[in-house]
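Peer 1: One structure coming up, written as structure tokens, with questions to follow.
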Amino acid sequence: MNKAGEYMLRELQLLDPAVRVDVLRVLDCVVRDLPAHWRRRRGVPQLMVFLDGPEDVRMEKITLRELSEHGYLDEFSRWDGIVPVLKAREHGCAALVYGNRIHARINQIGPFGSGWHAPDTSVFVRIAHRDVRMLRSFSFEFDVEGRFFPRLVFPRWAFDTIARARQS
């Protein structure tokens with residue numbers, strides 16, 4: 001396990017068991033379903049992942065226009081935590097998921113909008129729970145497998161860390 005996995009496991013073990021169950025359901029949905037939403041040219045889309053009742057977890061795309069309702073997009077890193085906090089008040093637990101190249105997509109840096117040409121290399125998950133005051137942040141680096149039919153693949157430690165946190 002690497003440092004990111006150790007950090008994630010430590011943070012998850014510090015949570016109250018009831019809160020940890022909800023957070024793990026959301027994280028499990030992220031690592032399980034994000035590869036279906038990822039595209040090589042567009043990268044990691046902005047997604048809201050939240051609890052939808054006692055059994056289900058829902059993943060929905062959120063546009064930059066919807067995100068801009070919370071603040072100026074060029075100051076995204078200052079207010080990105082408020083988005084999952086507001087959704088968690090309504091649904092119990094929520095996460096905002098985005099790629100590490102989101103600033104390039106917002107600002108379209110470069111002559112051709114380099115957000116299109118330089119791919120994401122990791123995923124950031126900002127997760128909030130109604131019963132916890134502190135926002136948690138996790139990141140997952142990923143690999144791309146396949147040349148003609150590329151797919152996003154999370155490292156084994158991501159799945160192992162979630163499984164170990166579920167057992168503790």
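Identifiers for the structure tokens are assigned positionally: chains receive A, B, ... in sequence, residues are indexed from 1 per chain, and ligands are indexed from 1 in the order shown.
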Phe154 of chain A: which residues within 12 Å, counting only C-alpha atoms, same-chain residues fewer than 2 positions away excluded, as an MDAnalysis selection string?
Peer 2: chainID A and resid 28 30:35 38 121:123 139:145 151:152 156:161
Peer 1: Since we have the selection now, will you write its residues out, keeping C-alpha atoms, as a PDB file, in the first residue's frame?
Peer 2:
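This went into result_21.pdb:
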```pdb
ATOM      1  CA  ASP A  28     -17.054   2.312  -3.590  1.00  0.00           C
ATOM      2  CA  VAL A  30     -16.623   6.169  -7.340  1.00  0.00           C
ATOM      3  CA  VAL A  31     -14.017   3.452  -7.949  1.00  0.00           C
ATOM      4  CA  ARG A  32     -16.588   1.057  -9.407  1.00  0.00           C
ATOM      5  CA  ASP A  33     -18.544   3.379 -11.722  1.00  0.00           C
ATOM      6  CA  LEU A  34     -16.139   6.171 -12.702  1.00  0.00           C
ATOM      7  CA  PRO A  35     -14.410   4.121 -15.444  1.00  0.00           C
ATOM      8  CA  TRP A  38     -14.257   8.468 -18.254  1.00  0.00           C
ATOM      9  CA  THR A 121      -3.714  11.496 -14.290  1.00  0.00           C
ATOM     10  CA  SER A 122      -5.660  11.396 -11.041  1.00  0.00           C
ATOM     11  CA  VAL A 123      -9.129  11.789  -9.573  1.00  0.00           C
ATOM     12  CA  SER A 139      -7.173  11.312  -4.522  1.00  0.00           C
ATOM     13  CA  PHE A 140      -6.665   8.276  -6.705  1.00  0.00           C
ATOM     14  CA  GLU A 141      -4.045   8.075  -9.410  1.00  0.00           C
ATOM     15  CA  PHE A 142      -5.124   5.836 -12.252  1.00  0.00           C
ATOM     16  CA  ASP A 143      -3.734   4.091 -15.302  1.00  0.00           C
ATOM     17  CA  VAL A 144      -5.113   3.865 -18.808  1.00  0.00           C
ATOM     18  CA  GLU A 145      -5.072   0.423 -20.349  1.00  0.00           C
ATOM     19  CA  ARG A 151     -10.208   2.304 -20.198  1.00  0.00           C
ATOM     20  CA  LEU A 152      -9.493   3.862 -16.841  1.00  0.00           C
ATOM     21  CA  ARG A 156      -5.294  -2.412  -6.643  1.00  0.00           C
ATOM     22  CA  TRP A 157      -4.573  -0.446  -3.438  1.00  0.00           C
ATOM     23  CA  ALA A 158      -7.740   1.644  -3.921  1.00  0.00           C
ATOM     24  CA  PHE A 159      -9.976  -1.422  -3.756  1.00  0.00           C
ATOM     25  CA  ASP A 160      -7.898  -3.017  -0.983  1.00  0.00           C
ATOM     26  CA  THR A 161      -8.037   0.128   1.157  1.00  0.00           C
TER      27      THR A 161
END
```
Peer 1: From a DSSP pass on the backbone, collect the residues of segment 49-155 of chain A flagged as strand (DSSP E) and hand them back as a ChimeraX atom specification.
Peer 2: /A:49-52,56-61,93-99,122-129,136-141,143-145,151-153
Peer 1: Could you check which of A:Arg42, A:Arg89, A:Asp131, A:Leu47 is closest to Glu66 of chain A, using only C-alpha atoms?
Peer 2: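 Checking each candidate against Glu66 of chain A, we get A:Leu47 as the closest.
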Peer 1: Using only C-alpha atoms, which protein or nucleic acid residues come within 10 Å of Val83 of chain A? Drop anything in the same chain fewer than 2 positions from it, and give the result as a JSON list (two decimals) with N, CA and C atoms, in the first residue's frame.
Peer 2:
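The resulting selection_21.json:
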```json
[["chain", "number", "residue", "atom", "x", "y", "z"],
["A", 48, "MET", "N", -21.29, 14.33, -9.24],
["A", 48, "MET", "CA", -21.79, 14.32, -7.86],
["A", 48, "MET", "C", -22.19, 12.88, -7.56],
["A", 67, "LEU", "N", -21.71, 24.22, -11.43],
["A", 67, "LEU", "CA", -20.70, 24.51, -10.41],
["A", 67, "LEU", "C", -20.51, 26.01, -10.22],
["A", 69, "GLU", "N", -22.58, 28.24, -9.99],
["A", 69, "GLU", "CA", -23.57, 28.83, -9.09],
["A", 69, "GLU", "C", -23.02, 29.01, -7.68],
["A", 70, "HIS", "N", -21.94, 28.31, -7.35],
["A", 70, "HIS", "CA", -21.36, 28.35, -6.01],
["A", 70, "HIS", "C", -20.20, 29.32, -5.88],
["A", 79, "TRP", "N", -13.67, 27.10, -3.18],
["A", 79, "TRP", "CA", -15.04, 26.81, -2.76],
["A", 79, "TRP", "C", -15.53, 25.43, -3.18],
["A", 80, "ASP", "N", -14.67, 24.58, -3.73],
["A", 80, "ASP", "CA", -15.15, 23.28, -4.20],
["A", 80, "ASP", "C", -15.71, 22.40, -3.08],
["A", 81, "GLY", "N", -15.35, 22.66, -1.84],
["A", 81, "GLY", "CA", -15.87, 21.87, -0.72],
["A", 81, "GLY", "C", -17.31, 22.16, -0.38],
["A", 85, "VAL", "N", -20.95, 19.57, 0.61],
["A", 85, "VAL", "CA", -21.56, 19.87, 1.91],
["A", 85, "VAL", "C", -23.04, 20.17, 1.74],
["A", 86, "LEU", "N", -23.38, 20.97, 0.74],
["A", 86, "LEU", "CA", -24.79, 21.30, 0.49],
["A", 86, "LEU", "C", -25.58, 20.06, 0.09],
["A", 87, "LYS", "N", -24.99, 19.21, -0.74],
["A", 87, "LYS", "CA", -25.69, 17.98, -1.16],
["A", 87, "LYS", "C", -25.81, 16.99, 0.01],
["A", 88, "ALA", "N", -24.82, 16.97, 0.90],
["A", 88, "ALA", "CA", -24.85, 16.05, 2.04],
["A", 88, "ALA", "C", -25.95, 16.44, 3.03],
["A", 94, "ALA", "N", -22.30, 12.93, 0.45],
["A", 94, "ALA", "CA", -22.14, 13.29, -0.95],
["A", 94, "ALA", "C", -20.67, 13.57, -1.24],
["A", 95, "ALA", "N", -20.31, 13.42, -2.51],
["A", 95, "ALA", "CA", -18.93, 13.67, -2.93],
["A", 95, "ALA", "C", -18.93, 14.38, -4.28],
["A", 96, "LEU", "N", -18.01, 15.31, -4.42],
["A", 96, "LEU", "CA", -17.73, 15.94, -5.71],
["A", 96, "LEU", "C", -16.48, 15.27, -6.26],
["A", 126, "ARG", "N", -13.92, 14.98, -3.11],
["A", 126, "ARG", "CA", -14.20, 15.82, -1.94],
["A", 126, "ARG", "C", -15.50, 15.29, -1.35],
["A", 127, "ILE", "N", -15.43, 14.71, -0.16],
["A", 127, "ILE", "CA", -16.58, 14.00, 0.39],
["A", 127, "ILE", "C", -17.02, 14.63, 1.71],
["A", 128, "ALA", "N", -18.33, 14.77, 1.88],
["A", 128, "ALA", "CA", -18.90, 15.37, 3.08],
["A", 128, "ALA", "C", -20.02, 14.48, 3.60]]
```
